[in-house]
Each structure stands twice: as C-alpha cells, then as structure tokens.
Amino acid sequence: MDNKSDAKVTPWEVEGIVDYDKLIVEFGVKKVSTREHYLTESITGELHPLLKRGVFYAHRDYDVFLEKYESGESTALYTGRGPSGYVHLGHILPWIFTKWLQDKLNIDLFFEFTDDEKFLYHREYTLDYVRNVTRENILDLISLGFDPKRTHIIIDIEDISYLYELAVRIAKKITFSTIKAVMGFTQSTNIGMIFYPTLQIAVCFLPTELYGRQTYVLIPAAIDQDPYWRLARDIATSLGYPKPAQIHAKFLPGLGIGGKMSSSQPETAIFMTDSPEDVKRKIMNAYTGGQPTAELQRKLGGNPDICPVFKYYEMMFEDDDKKLKERYMDCRGGNLLCGPCKSELANRIISFLEEHQKKRESMRDKIDEYLLRNKF
Ligand code: TYM
C-alpha cells in the first residue's frame with residue numbers, strides 16, 4: 001500500500017485533497033482515540049465539538065500530557081502564527097480550541113509570532129510590513145478572549161533575547177542534511193530560513209527555562225506544523241527538556257475545490273477583517289456538494305461530505321449536534337438547497353465577524369498586557 005498522501009502538506013504550502021489517514025502514517029503520529037476523548041472529558045467535564053467531531057484528530061503524547069497535568073506536574077500550552085497577512089477563519093480554528101483548553105486547564109499559553117519567518121520566506125516583505133501585520137494579527141488573537149494573565153505573546157525579532165540561547169543550543173543538534181530533508185529546503189533556500197526552525201522549536205522549551213522546572217508542553221495546531229515537532233522531539237531529551245506533545249487539527253477548507261483555506265487565495269478565504277459584502281459574495285460563489293440544478297438537487301440530493309459549506313457548519317458554525325445532523329440529512333435527501341444553506345452560513349459568519357471586529361478595535365490599547373516581555 002502506498003502510504004504517501006498525493007497532496008502536498010508542508011508548513012508553507014498545502015496543495016490538493018488531503019488524505020488525513022495517510023498523513024498519520026506519513027508523519028508518524030497517532031489517531032486521537034476514545035481513550036484521549038475519555039481522558040479529556042474526565043478532566044474538563046466535556047468534549048469540545050472540535051474534538052468530538054474529529055477535527056482535532058491526531059496527536060503525539062496528548063494522553064501523556066493530560067496524565068502529567070492530572071498528576072500535578074508543571075504544564076503549558078504553546079501555539080503561534082506567522083504574520084504574513086490578515087488572519088482568516090482557518091487560523092483561528094486552532095486558537096479557539098487552545099482557548100478552550102486554557103480555560104479548562106487554567107494553565108499558561110505561550111504564543112509565538114514569527115515575524116522573522118515571514119520576512120525571510122517572502123522575498124517582497126519588509127521588516128516594517130511584518131511588524132505592522134504582527135500588531136494587526138495580535139488584535140485578532142486577543143479578541144478571542146484569551147486571559148491576559150495567562151497568555152504570553154513572544155515576537156521573535158523583538159524578543160530574541162528570550163530565544164537566542166535556546167536556538168543556538170538547538171542549532172548545534174541539527175545538521176544541514178536533516179533540516180533539508182525534514183523541511184524540504186533546497187540549495188536556493190536562504191540561510192535565514194535554514195536557521196529559523198530553531199526559533200519555532202525554542203518555544204517548546206522556553207516554559208521550562210522561564211519557570212525553572214521541567215514543564216510539559218502541549219501544542220494545538222493544524223497538522224502542517226508537524227515537521228518542527230518531529231525535530232523538537234528528537235533533540236528534547238539530549239538538551240534536558242521533556243518532549244513536547246501535539247494535538248493536530250485538520251484544515252478548514254477553502255471555498256473552492258480541495259485545499260485548505262489560504263491567504264494566497266483571497267476569494268476562497270474569509271478574513272477576520274472582511275466586510276459583510278465580502279462574506280456574502282465569497283460564500284455565495286463557493287463550491288458546494290450540490291447538484292447543477294435545484295430540480296436535480298431535489299431529486300438526487302447533495303453531497304455534504306465534499307462540501308466546504310457543510311464543513312464550515314461542522315467545524316465552526318453549528319455547535320448543536322442534532323441540528324448539524326438534520327442539515328446533513330436534509331442535504332442528502334434533497335430537502336435543503338444550496339442557496340438557502342449558503343445564505344444562512346453567510347449570515348452566521350457576518351454576525352460572528354461583526355462582533356469580532358468591534359472587539360478587535362477595543363483591544364488596540366490592550367496589547368501590552370499580553371506581551372511576554374512585560375511579565376517574565
Ligand atoms: P501560520 O500563520 O501559517 O498558521 C497559524 C495557525 O493556523 C493553522 N492553520 C490552519 N488551521 C486550520 N485550517 C486552516 N486552513 C489553517 N491554515 C493555517 C496553522 O497550523 C497554525 O496553527 N510557522 C507558524 C507559526 C508558529 C506556530 C508555532 C504555529 C510558530 N510557532 C506553534 C503553530 C504552533 C506559521 O506560519 O503558522
């Protein structure tokens with residue numbers, strides 16, 4: 001059996017239709033099972049829909065992390081963002097789950113903004129550009145309601161003194177051939193990108209340094225970031241740190257055929273800053289699992305399994321399991337047409353974004369409360 005997914009999934013690109021089961025084998029991660037669901041529920045008292053519905057579907061040592069947490073060991077959460085442009089709905093999916101975990105576990109979150117990564121990766125970006133985008137992206141993050149006392153934002157270029165010592169110790173453990181193979185770098189990759197992974201890995205070990213005790217870190221993110229964690233886990237023990245654990249999400253799809261929601265295809269992505277008109281236009285133009293005509297749809301029914309519009313309900317915009325199931329069955333049975341299904345989704349997204357955008361503006365003078373440098 002060929003276990004390689006036909007799609008391309010790297011930290012910088014996701015192309016094609018992703019076979020998530022194949023990725024489990026390819027990346028060497030484990031499927032989230034009823035055991036992890038049970039452990040989560042016994043600690044938090046409930047299962048977040050993103051776990052229950054299998055959106056967070058793969059992991060490394062998520063169970064070990066929960067057991068360490070339960071036995072009173074020092075634990076922390078870590079996730080991040082590469083500030084390349086406006087934040088879209090796909091980016092906030094792991095943040096919504098991270099916030100839920102933070103609320104339930106009442107532990108610190110370390111959040112890295114990799115302004116260096118995006119400056120190095122995109123030939124045309126200036127340092128001023130990534131600095132401004134970082135500030136704008138922070139607004140989207142903190143507007144989701146993260147607790148400022150427990151949420152510590154680190155911005156690579158501005159806060160390098162927290163990371164550099166860790167980064168050089170990490171760099172000494174990773175050879176050029178390893179980084180080339182794991183990250184897919186080529187002879188023409190600039191040398192900044194070759195060093196950069198040390199900084200994304202460094203934050204896995206930072207809580208142990210800052211707290212002065214062995215700290216078990218859990219990273220909730222989409223599965224595209226996995227190569228970093230493979231490297232981090234390989235070298236953790238030899239550097240004297242616990243291996244970081246991960247819980248991996250599937251991607252929120254774009255509004256076209258296949259692929260993840262991505263800023264490089266703005267007409268198929270919903271940005272947190274989009275106007276109601278933008279949302280309406282993009283959703284109404286979305287690809288669906290529907291039939292070419294209303295008549296055929298009534299006769300044959302649609303296919304919610306391949307429909308990004310249905311996925312948006314499932315992954316973000318319908319928490320009620322019963323209502324989600326009804327929508328699924330109504331689509332399959334031809335009782336629900338794509339027009340009304342899309343227009344309801346557009347309305348839900350518009351009211352979500354209206355709230356978010358109001359909050360976002362009110363957070364402009366709150367950024368300092370979240371910066372790690374003001375607390376450690
Ligand atoms: P970035 O900015 O590409 O992505 C930020 C977060 O969003 C996730 N993501 C998605 N999740 C669901 N559906 C999508 N369509 C989608 N697109 C992106 C990513 O997996 C990520 O969790 N190098 C990183 C920044 C970083 C980081 C980290 C990310 C630094 N440290 C620790 C996660 C964890 C980056 O450029 O992410």
# chains A, B, ... in the order shown; residues from 1 in each chain; ligands from 1
>>> residues_around(residues="stretch 316-323 of chain A", least_positions_apart="3", cutoff="8 Å", atoms="only C-alpha atoms", output="PyMOL selection string")
chain A and resi 49+93+312-313+326-327+345+348-349
>>> residues_near_ligand(ligand="ligand 1", cutoff="6 Å", atoms="only C-alpha atoms and all ligand atoms", output="list of chain:residue names")
A:Thr79, A:Gly80, A:Arg81, A:Gly82, A:Pro83, A:Gly90, A:His91, A:Leu93, A:Pro94, A:Glu112, A:Thr114, A:Gln200, A:Ala221, A:Ala222, A:Ile223, A:Asp224, A:Gln225, A:Phe251, A:Leu252, A:Pro253, A:Lys260, A:Met261, A:Ser262
>>> write_last_selection(atoms="N, CA and C atoms", output="PDB file, in the first residue's frame")
ATOM      1  N   THR A  79       1.311  27.768  21.040  1.00  0.00           N
ATOM      2  CA  THR A  79       0.941  27.776  19.638  1.00  0.00           C
ATOM      3  C   THR A  79       1.439  29.081  19.014  1.00  0.00           C
ATOM      4  N   GLY A  80       1.114  29.339  17.740  1.00  0.00           N
ATOM      5  CA  GLY A  80       1.699  30.533  17.134  1.00  0.00           C
ATOM      6  C   GLY A  80       1.101  30.905  15.803  1.00  0.00           C
ATOM      7  N   ARG A  81       1.716  31.948  15.232  1.00  0.00           N
ATOM      8  CA  ARG A  81       1.225  32.498  13.959  1.00  0.00           C
ATOM      9  C   ARG A  81       2.386  33.150  13.203  1.00  0.00           C
ATOM     10  N   GLY A  82       2.437  32.888  11.915  1.00  0.00           N
ATOM     11  CA  GLY A  82       3.398  33.564  11.053  1.00  0.00           C
ATOM     12  C   GLY A  82       2.707  34.762  10.425  1.00  0.00           C
ATOM     13  N   PRO A  83       3.053  35.970  10.841  1.00  0.00           N
ATOM     14  CA  PRO A  83       2.286  37.155  10.401  1.00  0.00           C
ATOM     15  C   PRO A  83       2.568  37.545   8.955  1.00  0.00           C
ATOM     16  N   GLY A  90      -9.492  29.954   9.106  1.00  0.00           N
ATOM     17  CA  GLY A  90      -8.702  28.741   9.320  1.00  0.00           C
ATOM     18  C   GLY A  90      -7.699  28.919  10.447  1.00  0.00           C
ATOM     19  N   HIS A  91      -7.048  30.089  10.488  1.00  0.00           N
ATOM     20  CA  HIS A  91      -6.049  30.318  11.545  1.00  0.00           C
ATOM     21  C   HIS A  91      -6.667  30.272  12.933  1.00  0.00           C
ATOM     22  N   LEU A  93      -9.155  28.627  13.981  1.00  0.00           N
ATOM     23  CA  LEU A  93      -9.705  27.319  14.408  1.00  0.00           C
ATOM     24  C   LEU A  93      -8.842  26.699  15.528  1.00  0.00           C
ATOM     25  N   PRO A  94      -7.511  26.568  15.343  1.00  0.00           N
ATOM     26  CA  PRO A  94      -6.729  26.027  16.469  1.00  0.00           C
ATOM     27  C   PRO A  94      -6.717  26.952  17.685  1.00  0.00           C
ATOM     28  N   GLU A 112       3.729  32.371  19.929  1.00  0.00           N
ATOM     29  CA  GLU A 112       4.852  32.950  19.178  1.00  0.00           C
ATOM     30  C   GLU A 112       4.384  33.601  17.871  1.00  0.00           C
ATOM     31  N   THR A 114       5.978  34.731  14.467  1.00  0.00           N
ATOM     32  CA  THR A 114       7.234  34.519  13.755  1.00  0.00           C
ATOM     33  C   THR A 114       7.402  35.547  12.633  1.00  0.00           C
ATOM     34  N   GLN A 200      11.285  28.328  16.194  1.00  0.00           N
ATOM     35  CA  GLN A 200       9.957  27.747  16.432  1.00  0.00           C
ATOM     36  C   GLN A 200      10.077  26.593  17.442  1.00  0.00           C
ATOM     37  N   ALA A 221      -2.339  22.782  17.029  1.00  0.00           N
ATOM     38  CA  ALA A 221      -2.139  23.481  15.745  1.00  0.00           C
ATOM     39  C   ALA A 221      -2.686  22.582  14.650  1.00  0.00           C
ATOM     40  N   ALA A 222      -2.725  23.081  13.421  1.00  0.00           N
ATOM     41  CA  ALA A 222      -3.082  22.182  12.318  1.00  0.00           C
ATOM     42  C   ALA A 222      -1.858  21.310  12.006  1.00  0.00           C
ATOM     43  N   ILE A 223      -2.085  20.253  11.274  1.00  0.00           N
ATOM     44  CA  ILE A 223      -1.042  19.233  11.085  1.00  0.00           C
ATOM     45  C   ILE A 223       0.122  19.719  10.203  1.00  0.00           C
ATOM     46  N   ASP A 224      -0.046  20.859   9.527  1.00  0.00           N
ATOM     47  CA  ASP A 224       1.042  21.362   8.664  1.00  0.00           C
ATOM     48  C   ASP A 224       2.321  21.704   9.434  1.00  0.00           C
ATOM     49  N   GLN A 225       2.198  21.985  10.731  1.00  0.00           N
ATOM     50  CA  GLN A 225       3.377  22.387  11.512  1.00  0.00           C
ATOM     51  C   GLN A 225       4.158  21.187  12.040  1.00  0.00           C
ATOM     52  N   PHE A 251      -7.526  20.760   8.325  1.00  0.00           N
ATOM     53  CA  PHE A 251      -7.636  22.140   7.843  1.00  0.00           C
ATOM     54  C   PHE A 251      -9.080  22.534   7.588  1.00  0.00           C
ATOM     55  N   LEU A 252      -9.400  23.774   7.939  1.00  0.00           N
ATOM     56  CA  LEU A 252     -10.649  24.341   7.443  1.00  0.00           C
ATOM     57  C   LEU A 252     -10.444  24.533   5.943  1.00  0.00           C
ATOM     58  N   PRO A 253     -11.324  23.966   5.100  1.00  0.00           N
ATOM     59  CA  PRO A 253     -11.072  24.073   3.658  1.00  0.00           C
ATOM     60  C   PRO A 253     -11.302  25.487   3.136  1.00  0.00           C
ATOM     61  N   LYS A 260      -6.615  23.833   1.599  1.00  0.00           N
ATOM     62  CA  LYS A 260      -7.029  24.460   2.854  1.00  0.00           C
ATOM     63  C   LYS A 260      -7.352  25.922   2.608  1.00  0.00           C
ATOM     64  N   MET A 261      -8.032  26.531   3.555  1.00  0.00           N
ATOM     65  CA  MET A 261      -8.236  27.970   3.452  1.00  0.00           C
ATOM     66  C   MET A 261      -6.860  28.607   3.519  1.00  0.00           C
ATOM     67  N   SER A 262      -6.563  29.475   2.564  1.00  0.00           N
ATOM     68  CA  SER A 262      -5.225  30.020   2.482  1.00  0.00           C
ATOM     69  C   SER A 262      -5.265  31.473   2.031  1.00  0.00           C
TER      70      SER A 262
END
>>> closest_residue(among="A:Ser362, A:Ile283, A:Phe65, A:Leu372", to="A:Cys338", atoms="only C-alpha atoms")
A:Ile283
>>> residues_around(residues="A:His248", least_positions_apart="5", cutoff="10 Å", atoms="only C-alpha atoms", output="list in words")
Val29, Lys30, Lys31, Val32, Val55, Phe56, Tyr57, Ala58, His59, Arg60, Tyr62, Pro94, Ile219, Pro220, Ala221, Ala222, Ile223, Asp224, Gln225 and Asp226 of chain A
>>> select_by_dssp(residues="stretch 120-244 of chain A", states="alpha helix (DSSP H)", output="compact mmCIF listing (two decimals) with N, CA, C and O atoms, in the first residue's frame")
# COMPACT_ATOMS: atom_id res chain seq x y z
N LEU A 120 11.71 36.35 6.13
CA LEU A 120 12.70 35.56 5.39
C LEU A 120 12.07 34.80 4.22
O LEU A 120 12.67 34.63 3.18
N TYR A 121 10.84 34.33 4.43
CA TYR A 121 10.21 33.46 3.43
C TYR A 121 9.72 34.24 2.22
O TYR A 121 9.85 33.78 1.08
N LEU A 127 10.72 44.49 6.82
CA LEU A 127 10.57 44.33 8.27
C LEU A 127 9.41 45.19 8.79
O LEU A 127 8.67 44.77 9.68
N ASP A 128 9.24 46.37 8.21
CA ASP A 128 8.13 47.23 8.63
C ASP A 128 6.80 46.56 8.37
O ASP A 128 5.88 46.62 9.19
N TYR A 129 6.70 45.90 7.21
CA TYR A 129 5.46 45.23 6.87
C TYR A 129 5.13 44.15 7.91
O TYR A 129 4.02 44.12 8.45
N VAL A 130 6.09 43.27 8.21
CA VAL A 130 5.76 42.17 9.15
C VAL A 130 5.51 42.71 10.56
O VAL A 130 4.71 42.16 11.31
N ARG A 131 6.18 43.83 10.90
CA ARG A 131 5.93 44.44 12.22
C ARG A 131 4.48 44.89 12.33
O ARG A 131 3.80 44.63 13.31
N ASN A 132 4.01 45.56 11.28
CA ASN A 132 2.62 46.04 11.31
C ASN A 132 1.62 44.89 11.29
O ASN A 132 0.63 44.91 12.02
N VAL A 133 1.90 43.89 10.45
CA VAL A 133 0.98 42.75 10.37
C VAL A 133 0.93 42.04 11.72
O VAL A 133 -0.14 41.60 12.16
N THR A 134 2.06 41.93 12.39
CA THR A 134 2.07 41.27 13.71
C THR A 134 1.10 41.97 14.65
O THR A 134 0.27 41.32 15.30
N ARG A 135 1.15 43.31 14.69
CA ARG A 135 0.26 44.06 15.59
C ARG A 135 -1.21 43.79 15.22
O ARG A 135 -2.06 43.57 16.07
N GLU A 136 -1.50 43.81 13.92
CA GLU A 136 -2.88 43.57 13.47
C GLU A 136 -3.33 42.15 13.83
O GLU A 136 -4.45 41.94 14.29
N ASN A 137 -2.44 41.18 13.65
CA ASN A 137 -2.79 39.77 13.96
C ASN A 137 -2.98 39.56 15.46
O ASN A 137 -3.82 38.76 15.88
N ILE A 138 -2.20 40.28 16.27
CA ILE A 138 -2.36 40.15 17.73
C ILE A 138 -3.79 40.54 18.12
O ILE A 138 -4.41 39.91 18.98
N LEU A 139 -4.32 41.57 17.45
CA LEU A 139 -5.69 42.00 17.77
C LEU A 139 -6.68 40.86 17.54
O LEU A 139 -7.60 40.66 18.33
N ASP A 140 -6.48 40.11 16.44
CA ASP A 140 -7.41 39.00 16.17
C ASP A 140 -7.28 37.91 17.22
O ASP A 140 -8.26 37.29 17.61
N LEU A 141 -6.05 37.68 17.65
CA LEU A 141 -5.84 36.64 18.67
C LEU A 141 -6.51 37.03 19.99
O LEU A 141 -7.32 36.27 20.53
N ILE A 142 -6.17 38.21 20.49
CA ILE A 142 -6.63 38.54 21.84
C ILE A 142 -8.13 38.85 21.87
O ILE A 142 -8.75 38.74 22.92
N ILE A 160 14.05 38.47 20.86
CA ILE A 160 15.03 37.43 20.54
C ILE A 160 15.89 37.04 21.75
O ILE A 160 16.36 35.91 21.84
N SER A 161 16.05 37.94 22.71
CA SER A 161 16.92 37.62 23.84
C SER A 161 16.35 36.45 24.66
O SER A 161 17.09 35.75 25.33
N TYR A 162 15.04 36.24 24.58
CA TYR A 162 14.45 35.09 25.30
C TYR A 162 14.75 33.78 24.58
O TYR A 162 14.65 32.71 25.17
N LEU A 163 15.03 33.88 23.28
CA LEU A 163 15.09 32.66 22.47
C LEU A 163 16.49 32.29 21.99
O LEU A 163 16.74 31.13 21.66
N TYR A 164 17.39 33.27 21.94
CA TYR A 164 18.62 33.02 21.18
C TYR A 164 19.49 31.91 21.79
O TYR A 164 20.02 31.06 21.08
N GLU A 165 19.61 31.93 23.12
CA GLU A 165 20.46 30.91 23.74
C GLU A 165 19.90 29.50 23.46
O GLU A 165 20.64 28.58 23.09
N LEU A 166 18.58 29.37 23.59
CA LEU A 166 17.95 28.09 23.27
C LEU A 166 18.19 27.74 21.80
O LEU A 166 18.53 26.60 21.46
N ALA A 167 18.05 28.74 20.94
CA ALA A 167 18.17 28.49 19.49
C ALA A 167 19.56 27.98 19.12
O ALA A 167 19.69 27.05 18.33
N VAL A 168 20.60 28.55 19.71
CA VAL A 168 21.94 28.07 19.33
C VAL A 168 22.20 26.67 19.88
O VAL A 168 22.85 25.84 19.24
N ARG A 169 21.65 26.39 21.04
CA ARG A 169 21.81 25.02 21.57
C ARG A 169 21.08 24.02 20.67
O ARG A 169 21.56 22.92 20.42
N ILE A 170 19.90 24.43 20.20
CA ILE A 170 19.13 23.57 19.29
C ILE A 170 19.88 23.42 17.96
O ILE A 170 20.03 22.32 17.42
N ALA A 171 20.38 24.55 17.44
CA ALA A 171 21.05 24.55 16.12
C ALA A 171 22.22 23.58 16.11
O ALA A 171 22.47 22.90 15.10
N PHE A 176 22.65 20.18 8.60
CA PHE A 176 22.10 20.75 7.37
C PHE A 176 21.30 19.69 6.61
O PHE A 176 20.21 19.97 6.11
N SER A 177 21.83 18.47 6.56
CA SER A 177 21.10 17.46 5.78
C SER A 177 19.77 17.10 6.44
O SER A 177 18.78 16.87 5.76
N THR A 178 19.72 17.10 7.77
CA THR A 178 18.44 16.82 8.44
C THR A 178 17.43 17.92 8.15
O THR A 178 16.28 17.65 7.77
N ILE A 179 17.83 19.16 8.31
CA ILE A 179 16.87 20.26 8.12
C ILE A 179 16.39 20.32 6.66
O ILE A 179 15.22 20.59 6.40
N LYS A 180 17.30 20.01 5.74
CA LYS A 180 16.91 19.98 4.33
C LYS A 180 15.84 18.92 4.08
O LYS A 180 14.83 19.15 3.43
N ALA A 181 16.10 17.74 4.65
CA ALA A 181 15.18 16.63 4.40
C ALA A 181 13.83 16.87 5.08
O ALA A 181 12.78 16.67 4.48
N VAL A 182 13.86 17.32 6.34
CA VAL A 182 12.60 17.45 7.09
C VAL A 182 11.76 18.63 6.57
O VAL A 182 10.54 18.54 6.47
N MET A 183 12.41 19.72 6.24
CA MET A 183 11.68 20.93 5.84
C MET A 183 11.54 21.06 4.32
O MET A 183 10.89 21.99 3.84
N ILE A 191 19.75 31.32 3.95
CA ILE A 191 20.29 30.70 5.18
C ILE A 191 19.51 31.12 6.42
O ILE A 191 19.55 30.46 7.45
N GLY A 192 18.75 32.23 6.31
CA GLY A 192 17.89 32.61 7.42
C GLY A 192 16.81 31.56 7.65
O GLY A 192 16.52 31.17 8.79
N MET A 193 16.22 31.07 6.57
CA MET A 193 15.18 30.03 6.67
C MET A 193 15.76 28.74 7.26
O MET A 193 15.06 27.99 7.93
N ILE A 194 17.03 28.50 6.96
CA ILE A 194 17.64 27.26 7.45
C ILE A 194 17.82 27.32 8.97
O ILE A 194 17.62 26.34 9.67
N PHE A 195 18.09 28.51 9.48
CA PHE A 195 18.23 28.68 10.94
C PHE A 195 16.87 28.83 11.62
O PHE A 195 16.70 28.45 12.78
N PRO A 197 13.96 27.38 11.90
CA PRO A 197 13.26 26.36 12.69
C PRO A 197 13.73 26.27 14.15
O PRO A 197 12.95 25.93 15.03
N THR A 198 14.96 26.65 14.42
CA THR A 198 15.43 26.61 15.82
C THR A 198 14.57 27.52 16.69
O THR A 198 14.40 27.26 17.88
N LEU A 199 14.04 28.59 16.10
CA LEU A 199 13.26 29.55 16.90
C LEU A 199 11.85 29.05 17.17
O LEU A 199 11.27 29.29 18.23
N GLN A 200 11.29 28.33 16.19
CA GLN A 200 9.96 27.75 16.43
C GLN A 200 10.08 26.59 17.44
O GLN A 200 9.18 26.38 18.25
N ILE A 201 11.20 25.89 17.39
CA ILE A 201 11.42 24.80 18.34
C ILE A 201 11.73 25.35 19.74
O ILE A 201 11.30 24.80 20.76
N ALA A 202 12.45 26.48 19.79
CA ALA A 202 12.89 27.04 21.08
C ALA A 202 11.72 27.25 22.04
O ALA A 202 11.85 27.01 23.25
N VAL A 203 10.57 27.68 21.50
CA VAL A 203 9.44 27.99 22.40
C VAL A 203 8.90 26.72 23.07
O VAL A 203 8.30 26.79 24.14
N CYS A 204 9.19 25.55 22.49
CA CYS A 204 8.77 24.29 23.14
C CYS A 204 9.48 24.14 24.51
O CYS A 204 8.95 23.49 25.41
N PHE A 205 10.67 24.70 24.60
CA PHE A 205 11.47 24.51 25.81
C PHE A 205 11.49 25.75 26.71
O PHE A 205 11.99 25.71 27.83
N LEU A 206 10.97 26.84 26.18
CA LEU A 206 11.02 28.11 26.92
C LEU A 206 10.29 28.05 28.27
O LEU A 206 10.83 28.57 29.27
N PRO A 207 9.10 27.44 28.37
CA PRO A 207 8.43 27.41 29.67
C PRO A 207 9.29 26.75 30.75
O PRO A 207 9.33 27.23 31.89
N THR A 208 10.02 25.69 30.40
CA THR A 208 10.89 25.04 31.39
C THR A 208 11.94 26.04 31.89
O THR A 208 12.21 26.13 33.09
N GLU A 209 12.50 26.82 30.97
CA GLU A 209 13.51 27.81 31.35
C GLU A 209 12.89 28.92 32.20
O GLU A 209 13.44 29.30 33.23
N LEU A 210 11.73 29.42 31.79
CA LEU A 210 11.14 30.57 32.49
C LEU A 210 10.62 30.20 33.88
O LEU A 210 10.74 30.97 34.82
N TYR A 211 10.04 29.00 33.99
CA TYR A 211 9.52 28.58 35.30
C TYR A 211 10.61 27.99 36.18
O TYR A 211 10.42 27.80 37.38
N ASP A 226 3.71 20.00 11.72
CA ASP A 226 4.30 18.79 12.31
C ASP A 226 5.83 18.64 12.15
O ASP A 226 6.49 18.20 13.08
N PRO A 227 6.42 19.00 11.00
CA PRO A 227 7.87 18.78 10.85
C PRO A 227 8.70 19.42 11.99
O PRO A 227 9.69 18.83 12.42
N TYR A 228 8.27 20.58 12.46
CA TYR A 228 9.02 21.22 13.56
C TYR A 228 9.02 20.34 14.81
O TYR A 228 10.01 20.26 15.53
N TRP A 229 7.88 19.73 15.06
CA TRP A 229 7.73 19.00 16.33
C TRP A 229 8.49 17.68 16.27
O TRP A 229 8.95 17.19 17.29
N ARG A 230 8.61 17.11 15.05
CA ARG A 230 9.42 15.91 14.90
C ARG A 230 10.85 16.21 15.31
O ARG A 230 11.47 15.47 16.06
N LEU A 231 11.37 17.33 14.80
CA LEU A 231 12.74 17.72 15.15
C LEU A 231 12.85 18.01 16.64
O LEU A 231 13.79 17.56 17.31
N ALA A 232 11.88 18.75 17.16
CA ALA A 232 11.92 19.15 18.58
C ALA A 232 11.95 17.91 19.48
O ALA A 232 12.72 17.85 20.45
N ARG A 233 11.14 16.92 19.13
CA ARG A 233 11.07 15.72 19.98
C ARG A 233 12.36 14.91 19.88
O ARG A 233 12.79 14.30 20.86
N ASP A 234 12.98 14.93 18.69
CA ASP A 234 14.23 14.17 18.52
C ASP A 234 15.33 14.69 19.42
O ASP A 234 16.17 13.92 19.87
N ILE A 235 15.37 15.99 19.64
CA ILE A 235 16.51 16.56 20.37
C ILE A 235 16.19 16.93 21.82
O ILE A 235 17.09 17.25 22.58
N ALA A 236 14.89 16.87 22.20
CA ALA A 236 14.49 17.36 23.52
C ALA A 236 15.28 16.71 24.66
O ALA A 236 15.88 17.40 25.49
N THR A 237 15.30 15.40 24.67
CA THR A 237 15.91 14.70 25.81
C THR A 237 17.39 15.04 25.93
O THR A 237 17.89 15.31 27.03
N SER A 238 18.08 15.09 24.79
CA SER A 238 19.51 15.35 24.87
C SER A 238 19.80 16.78 25.33
O SER A 238 20.88 17.08 25.83
N LEU A 239 18.81 17.67 25.19
CA LEU A 239 19.00 19.04 25.70
C LEU A 239 18.47 19.19 27.12
O LEU A 239 18.55 20.28 27.72
>>> atom_distance(atom1="atom CA of A:Thr273", atom2="atom CA of A:Gln357")
6.8 Å
>>> residues_around(residues="A:Leu336", least_positions_apart="5", cutoff="12 Å", atoms="only C-alpha atoms", output="list in words")
Gly289, Gly290, Gln291, Ala294, Glu295, Leu296, Gln297, Arg298, Lys299, Leu300, Gly301, Gly302, Asn303, Pro304, Phe310, Glu326, Arg327, Tyr328, Met329, Asp330, Cys331, Cys341, Lys342, Ser343 and Glu344 of chain A
>>> write_last_selection(atoms="C-alpha atoms", output="PDB file, in the first residue's frame")
ATOM      1  CA  GLY A 289     -21.515  19.351  -2.928  1.00  0.00           C
ATOM      2  CA  GLY A 290     -24.808  20.279  -4.617  1.00  0.00           C
ATOM      3  CA  GLN A 291     -26.275  19.252  -7.968  1.00  0.00           C
ATOM      4  CA  ALA A 294     -32.400  22.828  -7.990  1.00  0.00           C
ATOM      5  CA  GLU A 295     -34.542  20.216  -9.695  1.00  0.00           C
ATOM      6  CA  LEU A 296     -31.727  17.648  -9.693  1.00  0.00           C
ATOM      7  CA  GLN A 297     -30.849  18.542  -6.113  1.00  0.00           C
ATOM      8  CA  ARG A 298     -34.433  17.822  -5.013  1.00  0.00           C
ATOM      9  CA  LYS A 299     -34.364  14.550  -6.912  1.00  0.00           C
ATOM     10  CA  LEU A 300     -30.874  13.253  -6.140  1.00  0.00           C
ATOM     11  CA  GLY A 301     -29.820  15.167  -3.021  1.00  0.00           C
ATOM     12  CA  GLY A 302     -26.427  16.787  -2.412  1.00  0.00           C
ATOM     13  CA  ASN A 303     -23.155  15.517  -1.016  1.00  0.00           C
ATOM     14  CA  PRO A 304     -22.256  17.257   2.263  1.00  0.00           C
ATOM     15  CA  PHE A 310     -21.206  21.994   5.189  1.00  0.00           C
ATOM     16  CA  GLU A 326     -30.547  17.418  10.388  1.00  0.00           C
ATOM     17  CA  ARG A 327     -28.688  19.683   7.960  1.00  0.00           C
ATOM     18  CA  TYR A 328     -26.698  16.689   6.727  1.00  0.00           C
ATOM     19  CA  MET A 329     -29.783  14.535   6.208  1.00  0.00           C
ATOM     20  CA  ASP A 330     -31.786  17.375   4.614  1.00  0.00           C
ATOM     21  CA  CYS A 331     -28.973  17.946   2.114  1.00  0.00           C
ATOM     22  CA  CYS A 341     -27.751  26.764   3.097  1.00  0.00           C
ATOM     23  CA  LYS A 342     -25.099  29.215   1.858  1.00  0.00           C
ATOM     24  CA  SER A 343     -27.073  32.298   2.748  1.00  0.00           C
ATOM     25  CA  GLU A 344     -27.632  31.091   6.320  1.00  0.00           C
TER      26      GLU A 344
END
>>> residues_around(residues="stretch 266-272 of chain A", least_positions_apart="4", cutoff="7 Å", atoms="only C-alpha atoms", output="ChimeraX atom specification")
/A:86-89,254-256,261-262,279,282,353
>>> residues_around(residues="A:Ile257", least_positions_apart="4", cutoff="10 Å", atoms="only C-alpha atoms", output="PyMOL selection string")
chain A and resi 16-17+253+268+286-289+306-308
>>> residues_around(residues="A:Tyr78", least_positions_apart="5", cutoff="6 Å", atoms="only C-alpha atoms", output="number ranges by chain")
A: 109-111, 219
>>> closest_residue(among="A:Thr126, A:Asp108, A:Arg364, A:Lys173", to="A:Pro148", atoms="only C-alpha atoms")
A:Asp108
>>> closest_residue(among="A:Phe146, A:Tyr216, A:Phe97, A:Trp12", to="A:Met315", atoms="only C-alpha atoms")
A:Phe97
>>> atom_distance(atom1="atom CA of A:Ser71", atom2="atom CA of A:Thr44")
14.5 Å
>>> atom_distance(atom1="atom CA of A:Thr215", atom2="atom CA of A:Tyr241")
7.9 Å
>>> closest_residue(among="A:Leu23, A:Ile153, A:Val64, A:Leu218", to="A:Leu101", atoms="only C-alpha atoms")
A:Leu218
